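Next comes data_11.txt, with compact mmCIF, C-alpha atoms.
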# COMPACT_ATOMS: atom_id res chain seq x y z
CA MET A 1 70.16 120.85 153.00
CA ASN A 2 70.72 117.34 154.30
CA ASP A 3 73.17 114.80 152.84
CA ASP A 4 70.51 112.91 150.88
CA SER A 5 69.13 115.96 149.20
CA ARG A 6 72.65 117.15 148.38
CA ASP A 7 73.38 113.77 146.79
CA ASP A 8 70.15 113.97 144.84
CA ALA A 9 71.01 117.40 143.56
CA ALA A 10 74.51 116.37 142.53
CA MET A 11 73.17 113.30 140.76
CA HIS A 12 70.58 115.33 138.99
CA ASP A 13 73.29 117.69 137.78
CA ALA A 14 75.38 114.81 136.55
CA ALA A 15 72.41 113.27 134.79
CA ASN A 16 71.62 116.54 133.12
CA ASP A 17 75.07 116.45 131.52
CA GLY A 18 73.77 113.53 129.56
CA GLU A 19 76.62 111.22 130.36
CA ALA A 20 77.14 109.47 133.67
CA GLU A 21 80.82 109.19 132.90
CA LEU A 22 81.18 112.96 133.01
CA LEU A 23 80.67 112.67 136.73
CA PHE A 24 83.87 110.67 137.04
CA HIS A 25 85.81 112.95 134.74
CA GLU A 26 85.09 115.85 137.04
CA ILE A 27 86.80 114.34 140.05
CA ALA A 28 90.51 113.70 140.16
CA PRO A 29 91.66 110.21 141.06
CA ARG A 30 94.19 109.85 143.84
CA ASN A 31 97.66 109.03 142.61
CA ALA A 32 100.11 106.49 143.94
CA ALA A 33 102.18 107.62 146.92
CA PRO A 34 105.59 109.00 145.89
CA GLU A 35 107.41 106.59 148.24
CA LEU A 36 105.86 103.62 146.42
CA ARG A 37 108.07 104.33 143.40
CA SER A 38 111.35 103.82 145.25
CA ARG A 39 109.94 100.78 147.05
CA VAL A 40 108.82 99.08 143.84
CA LEU A 41 111.97 99.93 141.90
CA SER A 42 114.14 98.73 144.76
CA ALA A 43 112.30 95.37 144.73
CA VAL A 44 112.73 95.21 140.95
CA SER A 45 116.43 95.99 141.25
CA GLN A 46 116.82 93.24 143.83
CA GLU A 47 115.05 90.80 141.52
CA LEU A 48 117.19 91.79 138.54
CA SER A 49 120.44 91.43 140.51
CA LYS A 50 119.26 88.07 141.86
CA GLY A 51 118.91 86.82 138.33
CA THR A 52 122.40 88.03 137.42
CA ALA A 53 124.11 86.91 140.63
CA SER A 54 122.73 83.39 140.51
CA GLY A 55 124.02 83.12 136.96
CA ILE A 56 120.68 82.35 135.44
CA ARG A 57 121.35 81.58 131.82
CA ALA A 58 119.24 83.06 129.12
CA ALA A 59 116.45 80.74 128.11
CA PRO A 60 117.29 79.19 124.76
CA SER A 61 115.55 80.88 121.90
CA TRP A 62 112.99 79.01 119.84
CA ASP A 63 115.40 78.94 116.90
CA ARG A 64 117.95 77.18 119.06
CA ARG A 65 115.39 74.77 120.45
CA ILE A 66 114.14 73.88 116.96
CA GLY A 67 117.74 73.41 115.77
CA THR A 68 118.51 71.07 118.67
CA MET A 69 115.34 69.09 118.04
CA ALA A 70 116.14 68.78 114.32
CA ALA A 71 119.69 67.57 115.08
CA ALA A 72 118.37 65.03 117.60
CA THR A 73 115.83 63.81 115.04
CA VAL A 74 118.55 63.28 112.42
CA VAL A 75 120.72 61.32 114.87
CA LEU A 76 117.73 59.19 115.89
CA ALA A 77 116.84 58.57 112.23
CA VAL A 78 120.41 57.40 111.46
CA LEU A 79 120.44 55.10 114.50
CA PHE A 80 117.02 53.70 113.57
CA HIS A 81 118.18 53.16 109.99
CA GLN A 82 121.24 51.21 111.19
CA TRP A 83 119.10 49.14 113.52
CA ALA A 84 116.58 48.40 110.76
CA ILE A 85 119.36 47.27 108.37
CA GLY A 86 120.87 45.02 111.04
CA THR A 87 117.50 43.48 111.83
CA THR A 88 116.70 42.90 108.15
CA GLU A 89 120.10 41.31 107.57
CA HIS A 90 119.60 39.04 110.53
CA ASN A 91 116.09 38.02 109.46
CA LEU A 92 117.20 37.37 105.90
CA ALA A 93 120.13 35.31 107.11
CA VAL A 94 117.73 33.22 109.20
CA LEU A 95 115.29 32.77 106.32
CA ALA A 96 117.57 32.51 103.31
CA GLY A 97 120.94 31.55 104.77
CA PRO A 98 124.19 33.49 104.32
CA ARG A 99 124.50 35.83 101.42
CA PRO A 100 126.18 34.34 98.35
CA VAL A 101 129.68 35.55 97.66
CA PRO A 102 129.67 37.90 94.68
CA ARG A 103 131.21 36.46 91.55
CA GLN A 104 133.79 39.26 91.27
CA GLU A 105 135.05 38.46 94.75
CA SER A 106 135.32 34.72 94.02
CA GLU A 107 137.30 35.43 90.87
CA LEU A 108 139.62 37.78 92.73
CA VAL A 109 140.28 35.18 95.45
CA GLU A 110 140.96 32.54 92.79
CA ILE A 111 143.50 34.79 91.08
CA VAL A 112 145.26 35.51 94.39
CA GLU A 113 145.30 31.78 95.25
CA SER A 114 146.74 30.90 91.88
CA VAL A 115 149.57 33.39 92.30
CA THR A 116 150.40 33.32 96.03
CA GLY A 117 148.93 30.10 97.38
CA ARG A 118 145.87 28.98 99.33
CA GLY A 119 146.77 30.68 102.65
CA THR A 120 146.87 34.14 101.10
CA GLY A 121 143.66 33.41 99.19
CA ASP A 122 141.82 32.55 102.43
CA TRP A 123 143.11 35.71 104.06
CA VAL A 124 141.86 37.84 101.13
CA ARG A 125 138.47 36.10 101.24
CA GLN A 126 138.09 36.84 104.98
CA ARG A 127 139.04 40.45 104.46
CA LEU A 128 136.47 40.83 101.69
CA VAL A 129 133.73 39.25 103.81
CA LYS A 130 134.58 41.50 106.74
CA SER A 131 134.54 44.62 104.58
CA ARG A 132 131.22 43.61 103.02
CA ARG A 133 129.64 43.21 106.49
CA SER A 134 130.77 46.62 107.61
CA ARG A 135 128.98 48.50 104.84
CA PRO A 136 125.21 48.59 104.31
CA PRO A 137 124.16 46.36 101.45
CA ALA A 138 122.75 47.90 98.33
CA ILE A 139 119.21 46.80 97.58
CA SER A 140 120.35 45.24 94.31
CA HIS A 141 122.63 42.87 96.25
CA ARG A 142 119.63 41.55 98.07
CA MET A 143 117.47 41.02 95.01
CA PRO A 144 118.36 37.32 94.64
CA ASP A 145 117.51 36.77 98.34
CA TRP A 146 114.16 38.49 97.95
CA GLU A 147 113.40 36.53 94.78
CA ARG A 148 114.23 33.27 96.53
CA LEU A 149 112.11 34.23 99.52
CA PHE A 150 109.10 35.11 97.40
CA LYS A 151 109.51 31.89 95.46
CA ASP A 152 109.55 29.89 98.69
CA LEU A 153 106.45 31.64 99.92
CA GLU A 154 104.60 30.85 96.68
CA ILE A 155 105.37 27.16 97.13
CA MET B 1 116.97 102.20 118.75
CA GLN B 2 115.67 99.62 121.20
CA THR B 3 112.03 99.47 122.18
CA LEU B 4 110.91 99.62 125.81
CA GLY B 5 110.02 95.94 125.63
CA GLU B 6 113.52 95.03 124.46
CA ARG B 7 115.12 97.14 127.20
CA LEU B 8 112.88 95.52 129.81
CA ALA B 9 113.77 92.09 128.49
CA GLN B 10 117.45 92.92 128.95
CA GLY B 11 116.80 93.81 132.58
CA GLU B 12 117.49 97.53 132.27
CA GLN B 13 116.54 99.20 135.54
CA ALA B 14 115.72 102.54 133.86
CA ALA B 15 113.25 100.80 131.58
CA PHE B 16 111.36 99.46 134.59
CA ALA B 17 111.30 102.99 136.04
CA GLU B 18 109.89 104.24 132.74
CA LEU B 19 107.20 101.58 132.74
CA TYR B 20 106.35 102.36 136.36
CA ASP B 21 106.00 106.07 135.63
CA ALA B 22 103.77 105.33 132.67
CA CYS B 23 101.20 103.35 134.60
CA ALA B 24 101.69 103.43 138.39
CA ASP B 25 98.98 105.97 139.22
CA ARG B 26 96.35 104.27 137.11
CA LEU B 27 97.42 100.83 138.32
CA GLN B 28 97.34 101.81 141.96
CA HIS B 29 93.86 103.29 141.52
CA TYR B 30 92.60 100.16 139.79
CA LEU B 31 94.02 97.88 142.48
CA THR B 32 92.65 100.04 145.29
CA LEU B 33 89.21 99.69 143.75
CA ARG B 34 89.66 95.92 143.47
CA LEU B 35 91.18 95.30 146.88
CA GLY B 36 89.56 98.01 148.97
CA SER B 37 92.80 99.15 150.57
CA ARG B 38 95.64 101.38 149.42
CA GLU B 39 98.20 99.41 151.44
CA ASP B 40 97.14 96.15 149.83
CA ALA B 41 97.15 97.84 146.44
CA ASP B 42 100.74 99.02 147.08
CA ASP B 43 101.78 95.47 147.91
CA VAL B 44 100.20 94.15 144.72
CA VAL B 45 101.78 96.90 142.60
CA GLN B 46 105.14 95.80 143.98
CA SER B 47 104.49 92.09 143.44
CA THR B 48 103.33 92.88 139.89
CA PHE B 49 106.59 94.60 139.03
CA VAL B 50 108.63 91.86 140.68
CA ARG B 51 106.72 89.34 138.57
CA LEU B 52 107.45 91.39 135.46
CA ALA B 53 111.16 91.45 136.36
CA GLN B 54 111.14 87.70 136.86
CA SER B 55 109.59 87.01 133.48
CA ARG B 56 111.20 89.98 131.71
CA ARG B 57 112.28 88.03 128.63
CA ARG B 58 108.64 87.66 127.66
CA LEU B 59 108.18 91.42 127.59
CA MET B 60 110.10 91.74 124.34
CA GLY B 61 107.21 90.41 122.30
CA ILE B 62 104.41 92.26 124.09
CA GLU B 63 102.60 94.72 121.85
CA ASN B 64 100.80 96.73 124.53
CA LEU B 65 102.92 96.79 127.65
CA ILE B 66 100.58 98.87 129.82
CA ALA B 67 97.63 96.56 129.16
CA TYR B 68 99.92 93.61 129.88
CA VAL B 69 100.96 95.14 133.22
CA PHE B 70 97.29 95.54 134.16
CA LYS B 71 96.61 91.95 133.18
CA ILE B 72 99.45 90.70 135.39
CA ALA B 73 98.26 92.99 138.20
CA ARG B 74 94.75 91.60 137.86
CA ASN B 75 96.08 88.05 138.24
CA GLU B 76 98.29 89.09 141.15
CA SER B 77 95.34 90.72 142.93
CA ALA B 78 93.21 87.60 142.37
CA ASP B 79 96.00 85.48 143.92
CA TRP B 80 96.28 87.96 146.74
CA LEU B 81 92.54 87.77 147.46
CA ARG B 82 92.66 83.97 147.30
CA ARG B 83 95.54 83.85 149.76
CA LYS B 84 93.68 86.16 152.13
CA GLY B 85 90.54 84.07 151.72
CA ARG B 86 88.27 86.90 150.72
CA GLU B 87 86.54 88.36 147.69
CA SER B 88 86.90 91.72 146.06
CA LEU B 89 85.17 94.29 148.22
CA PHE B 90 83.93 97.70 147.34
CA LEU B 91 84.89 100.65 149.44
CA SER B 92 82.08 102.26 151.31
CA GLU B 93 81.32 105.90 150.75
CA THR B 94 83.52 106.69 153.71
CA GLY B 95 86.43 105.14 151.79
CA SER B 96 86.17 107.63 148.95
CA GLU B 97 89.33 109.41 150.09
CA LEU B 98 91.26 106.28 149.12
CA LEU B 99 90.26 106.66 145.50
CA PHE B 100 89.80 110.36 144.89
CA GLN B 101 91.61 113.55 145.68
CA ASN B 102 89.24 115.11 148.11
CA VAL B 103 89.28 118.86 148.28
CA GLN B 104 87.84 119.36 151.75
CA ASP B 105 87.24 123.05 151.26
CA ASP B 106 85.32 122.58 148.06
CA GLN B 107 81.90 121.30 148.99
CA SER B 108 80.80 120.73 145.40
CA VAL B 109 83.77 118.43 144.72
CA HIS B 110 83.08 116.57 147.92
CA GLU B 111 79.49 116.05 146.83
CA LEU B 112 80.56 114.83 143.43
CA ILE B 113 82.87 112.29 145.02
CA GLU B 114 80.12 111.02 147.28
CA THR B 115 77.85 110.74 144.28
CA ALA B 116 80.45 108.87 142.26
CA MET B 117 81.01 106.41 145.08
CA ALA B 118 77.26 105.89 145.49
CA ALA B 119 76.91 105.33 141.75
CA LEU B 120 79.80 102.86 141.66
CA ALA B 121 78.27 100.97 144.57
CA LYS B 122 75.20 100.28 142.40
CA LEU B 123 77.25 98.32 139.92
CA THR B 124 78.33 94.71 139.91
CA THR B 125 82.02 93.96 140.49
CA GLU B 126 82.50 93.20 136.77
CA GLN B 127 80.79 96.40 135.65
CA ARG B 128 82.75 98.46 138.18
CA GLU B 129 86.00 97.02 136.89
CA ILE B 130 85.14 97.91 133.29
CA VAL B 131 84.12 101.44 134.26
CA GLU B 132 87.37 101.88 136.19
CA LEU B 133 89.49 100.59 133.30
CA LYS B 134 87.64 102.72 130.76
CA ILE B 135 87.46 106.00 132.65
CA TYR B 136 90.56 106.07 134.84
CA GLY B 137 92.62 103.42 133.07
CA LYS B 138 91.92 105.18 129.76
CA PHE B 139 91.90 101.88 127.91
CA THR B 140 90.08 101.03 124.71
CA PHE B 141 87.51 98.23 124.74
CA HIS B 142 90.00 96.10 122.84
CA GLU B 143 92.55 96.57 125.61
CA ILE B 144 89.97 96.07 128.35
CA ALA B 145 88.91 92.81 126.73
CA GLU B 146 92.54 91.71 126.76
CA ILE B 147 93.01 92.63 130.42
CA VAL B 148 89.79 91.15 131.73
CA GLY B 149 89.76 88.16 129.41
CA VAL B 150 86.34 88.68 127.85
CA PRO B 151 85.30 89.37 124.24
CA GLN B 152 85.49 93.01 123.20
CA GLY B 153 81.72 93.14 122.66
CA THR B 154 81.11 91.91 126.20
CA ALA B 155 83.38 94.61 127.61
CA ALA B 156 81.55 97.30 125.62
CA THR B 157 78.14 95.96 126.63
CA ARG B 158 79.10 95.84 130.30
CA TYR B 159 80.30 99.42 130.12
CA ARG B 160 77.14 100.67 128.42
CA THR B 161 74.94 98.76 130.86
CA ALA B 162 76.89 100.22 133.78
CA LEU B 163 76.49 103.74 132.46
CA GLU B 164 72.78 103.27 131.87
CA ARG B 165 72.38 101.87 135.35
CA MET B 166 74.22 104.79 136.91
CA LYS B 167 72.38 107.27 134.74
CA GLY B 168 69.03 105.72 135.60
CA TRP B 169 69.85 105.86 139.25
CA CYS B 170 70.98 109.48 138.91
CA LEU B 171 67.70 110.45 137.23
CA GLU B 172 65.40 108.52 139.51
CA GLY B 173 67.39 109.08 142.65
CA PRO B 174 68.08 106.55 145.39
CA GLN B 175 65.23 104.08 145.93
Could you show the structure in this file as structure tokens?
Amino acid sequence: MNDDSRDDAAMHDAANDGEAELLFHEIAPRNAAPELRSRVLSAVSQELSKGTASGIRAAPSWDRRIGTMAAATVVLAVLFHQWAIGTTEHNLAVLAGPRPVPRQESELVEIVESVTGRGTGDWVRQRLVKSRRSRPPAISHRMPDWERLFKDLEI
Amino acid sequence: MQTLGERLAQGEQAAFAELYDACADRLQHYLTLRLGSREDADDVVQSTFVRLAQSRRRLMGIENLIAYVFKIARNESADWLRRKGRESLFLSETGSELLFQNVQDDQSVHELIETAMAALAKLTTEQREIVELKIYGKFTFHEIAEIVGVPQGTAATRYRTALERMKGWCLEGPQ
């Protein structure tokens, strides 16, 4: 029996089983060489120790990344808010002139002046102006400016 | 109790040994079929595990670790072939001893091996890969689809076509 006819016979047998895959199930695959295990695990061990020795820090988790991004967004929003207020103040000052002194402040300065003299009254006025500049204005404080601006635009 | 994925992610050496024992034989067989050489397959098995160790933190969230290992090995073997400037080659019938345990004394086994090699040679590279993963890798079509990167239906169709082709050849004999 030559090689070809032997092959034919074997194939015919396999085909008669009804499933070509049975052919493969009947022959045992060759396994990995035993020495490969120690070689691979040694390389893995080297890689693991490299990571530890070089002090590679754990990658930040997604929770931490999201937290950092949220914090950065809040800081940016606050800075942008401050910048927007400053710009609006500046533009309004250019358009409508300096903000009028609130009536309560004028009355307070007048009382101080009447009791302690003009010098102290000026000092109190400057302090009040400085303190007003350092805090963001409430929208209601700006209403007269807006009204004046809209009136000017209508004209 | 920690899962294997969690232990791997923590860099536990014993976990890597466990993973190796679970898939090394099948992986080596698959890579030998892809690369046509047991030595090259050994190199790629090693580079696959080194790659897994490098990106171990990702392993925590992997549902099917064995399929994932095969997927990485497939990519590694593709890189290896690209570096060597050649394509996947199929072992000739004389290379059957690289894939199968050949019992020299048993003539019937020897014949079966020769037949299997001849049948595999009739298939396309893609079909051969699916047959290997299904029969010796013992993967489901879902897992094969994940490894090879094709839809599950395509994997199943390729497998059925390959079997029909081999069966047809077995019935009709070599042309």
For chain B against chain A, which residues fall within 8 Å using all atoms listed in the file, given as a PyMOL selection string? chain B and resi 11+13+16-17+20+24-26+28-29+42+45-46+49-50+53-54+97-101+109+111-116+135-136+163-164+166-167+170-171+173-174
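CA of Ala119 in chain B is found 10.0 Å from CA of Gly168 in chain B.
Across the model, the gap from CA of Glu76 in chain B to CA of Glu12 in chain B is 22.8 Å.
Atom pair CA of Ala73 in chain B / CA of Gly85 in chain B: separated by 17.9 Å.
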Contacts of Ala156 in chain B at 9 Å (all atoms listed in the file; same-chain gap of 5+ positions) as number ranges by chain: B: 130, 141-142, 144-145, 151, 161
Env of Thr124 in chain B: 12 Å cut, atoms = all atoms listed in the file, seq-sep filter 2 positions within chain, self excluded. Answer as a compact mmCIF listing (two decimals) with C-alpha atoms, keeping the file's coordinate frame.
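Saved to part.txt:
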# COMPACT_ATOMS: atom_id res chain seq x y z
CA ARG B 34 89.66 95.92 143.47
CA SER B 88 86.90 91.72 146.06
CA LEU B 89 85.17 94.29 148.22
CA PHE B 90 83.93 97.70 147.34
CA ALA B 119 76.91 105.33 141.75
CA LEU B 120 79.80 102.86 141.66
CA ALA B 121 78.27 100.97 144.57
CA LYS B 122 75.20 100.28 142.40
CA GLU B 126 82.50 93.20 136.77
CA GLN B 127 80.79 96.40 135.65
CA ARG B 128 82.75 98.46 138.18
CA GLU B 129 86.00 97.02 136.89
CA ILE B 130 85.14 97.91 133.29
CA VAL B 131 84.12 101.44 134.26
CA ARG B 158 79.10 95.84 130.30
CA TYR B 159 80.30 99.42 130.12
CA THR B 161 74.94 98.76 130.86
CA ALA B 162 76.89 100.22 133.78
CA LEU B 163 76.49 103.74 132.46
CA ARG B 165 72.38 101.87 135.35
CA MET B 166 74.22 104.79 136.91
Give me the residues within 8 Å of range 86-103 of chain A as number ranges by chain, counting only C-alpha atoms and dropping any in the same chain fewer than 2 places off. A: 82-84, 105-107, 145, 148-149
Would you mind exporting the chosen residues as a tab-separated table (two decimals), in the coordinates of the input, restricted to C-alpha atoms?
chain	number	residue	atom	x	y	z
A	82	GLN	CA	121.24	51.21	111.19
A	83	TRP	CA	119.10	49.14	113.52
A	84	ALA	CA	116.58	48.40	110.76
A	105	GLU	CA	135.05	38.46	94.75
A	106	SER	CA	135.32	34.72	94.02
A	107	GLU	CA	137.30	35.43	90.87
A	145	ASP	CA	117.51	36.77	98.34
A	148	ARG	CA	114.23	33.27	96.53
A	149	LEU	CA	112.11	34.23	99.52
Looking at B:Thr154, B:Asn64, B:Ser37, B:Ser47, which one is nearest to Leu19 in chain B, with distances taken over all atoms listed in the file? B:Asn64
Any idea what's packed within 12 Å of Glu63 in chain B, counting all atoms listed in the file, ignoring anything in its chain fewer than 3 positions away? Could you give it as a PyMOL selection string? chain B and resi 3-6+58-60+66-69+143+146
Residues from last step as file, C-alpha atoms, as a PDB file, in the coordinates of the input:
ATOM      1  CA  THR B   3     112.030  99.470 122.180  1.00  0.00           C
ATOM      2  CA  LEU B   4     110.910  99.620 125.810  1.00  0.00           C
ATOM      3  CA  GLY B   5     110.020  95.940 125.630  1.00  0.00           C
ATOM      4  CA  GLU B   6     113.520  95.030 124.460  1.00  0.00           C
ATOM      5  CA  ARG B  58     108.640  87.660 127.660  1.00  0.00           C
ATOM      6  CA  LEU B  59     108.180  91.420 127.590  1.00  0.00           C
ATOM      7  CA  MET B  60     110.100  91.740 124.340  1.00  0.00           C
ATOM      8  CA  ILE B  66     100.580  98.870 129.820  1.00  0.00           C
ATOM      9  CA  ALA B  67      97.630  96.560 129.160  1.00  0.00           C
ATOM     10  CA  TYR B  68      99.920  93.610 129.880  1.00  0.00           C
ATOM     11  CA  VAL B  69     100.960  95.140 133.220  1.00  0.00           C
ATOM     12  CA  GLU B 143      92.550  96.570 125.610  1.00  0.00           C
ATOM     13  CA  GLU B 146      92.540  91.710 126.760  1.00  0.00           C
TER      14      GLU B 146
END
Since the input lacks some atoms of range 143-165 of chain B, please model N, CA, C and O atoms and print them as a short mmCIF file (atom, residue, chain, number, x, y, z; two decimals), in the frame of the given file.
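To be explicit, this is the file written out as out_12.cif:
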data_model
loop_
_atom_site.label_atom_id
_atom_site.label_comp_id
_atom_site.auth_asym_id
_atom_site.auth_seq_id
_atom_site.Cartn_x
_atom_site.Cartn_y
_atom_site.Cartn_z
N GLU B 143 91.57 96.79 124.54
CA GLU B 143 92.55 96.57 125.61
C GLU B 143 91.88 96.02 126.87
O GLU B 143 92.43 95.13 127.53
N ILE B 144 90.70 96.55 127.16
CA ILE B 144 89.97 96.07 128.35
C ILE B 144 89.64 94.58 128.19
O ILE B 144 89.80 93.80 129.13
N ALA B 145 89.22 94.22 126.99
CA ALA B 145 88.91 92.81 126.73
C ALA B 145 90.13 91.94 126.98
O ALA B 145 90.03 90.84 127.55
N GLU B 146 91.29 92.44 126.58
CA GLU B 146 92.54 91.71 126.76
C GLU B 146 92.88 91.57 128.26
O GLU B 146 93.29 90.51 128.71
N ILE B 147 92.67 92.64 128.99
CA ILE B 147 93.01 92.63 130.42
C ILE B 147 92.08 91.71 131.21
O ILE B 147 92.51 90.90 132.01
N VAL B 148 90.79 91.86 130.93
CA VAL B 148 89.79 91.15 131.73
C VAL B 148 89.58 89.72 131.23
O VAL B 148 89.12 88.85 131.97
N GLY B 149 89.93 89.50 129.96
CA GLY B 149 89.76 88.16 129.41
C GLY B 149 88.35 87.86 128.97
O GLY B 149 87.85 86.76 129.16
N VAL B 150 87.68 88.88 128.41
CA VAL B 150 86.34 88.68 127.85
C VAL B 150 86.35 89.20 126.41
O VAL B 150 87.24 89.98 126.06
N PRO B 151 85.36 88.81 125.59
CA PRO B 151 85.30 89.37 124.24
C PRO B 151 85.10 90.89 124.29
O PRO B 151 84.51 91.41 125.25
N GLN B 152 85.58 91.54 123.24
CA GLN B 152 85.49 93.01 123.20
C GLN B 152 84.05 93.49 123.30
O GLN B 152 83.76 94.47 123.97
N GLY B 153 83.14 92.77 122.63
CA GLY B 153 81.72 93.14 122.66
C GLY B 153 81.15 93.07 124.07
O GLY B 153 80.34 93.92 124.47
N THR B 154 81.58 92.06 124.81
CA THR B 154 81.11 91.91 126.20
C THR B 154 81.58 93.09 127.05
O THR B 154 80.82 93.63 127.86
N ALA B 155 82.83 93.48 126.85
CA ALA B 155 83.38 94.61 127.61
C ALA B 155 82.58 95.88 127.31
O ALA B 155 82.21 96.63 128.24
N ALA B 156 82.30 96.10 126.02
CA ALA B 156 81.55 97.30 125.62
C ALA B 156 80.13 97.27 126.18
O ALA B 156 79.61 98.27 126.67
N THR B 157 79.51 96.09 126.13
CA THR B 157 78.14 95.96 126.63
C THR B 157 78.09 96.21 128.14
O THR B 157 77.20 96.91 128.64
N ARG B 158 79.07 95.64 128.84
CA ARG B 158 79.10 95.84 130.30
C ARG B 158 79.25 97.32 130.64
O ARG B 158 78.64 97.81 131.58
N TYR B 159 80.06 97.99 129.86
CA TYR B 159 80.30 99.42 130.12
C TYR B 159 79.01 100.21 129.89
O TYR B 159 78.62 101.03 130.71
N ARG B 160 78.37 99.94 128.74
CA ARG B 160 77.14 100.67 128.42
C ARG B 160 76.06 100.40 129.46
O ARG B 160 75.36 101.29 129.92
N THR B 161 75.94 99.12 129.85
CA THR B 161 74.94 98.76 130.86
C THR B 161 75.22 99.49 132.18
O THR B 161 74.30 99.98 132.84
N ALA B 162 76.51 99.54 132.54
CA ALA B 162 76.89 100.22 133.78
C ALA B 162 76.52 101.69 133.73
O ALA B 162 75.96 102.24 134.68
N LEU B 163 76.80 102.32 132.58
CA LEU B 163 76.49 103.74 132.46
C LEU B 163 74.98 103.99 132.54
O LEU B 163 74.52 104.92 133.18
N GLU B 164 74.25 103.12 131.85
CA GLU B 164 72.78 103.27 131.87
C GLU B 164 72.24 103.10 133.28
O GLU B 164 71.34 103.82 133.71
N ARG B 165 72.82 102.14 133.98
CA ARG B 165 72.38 101.87 135.35
C ARG B 165 72.66 103.08 136.25
O ARG B 165 71.81 103.48 137.04
#
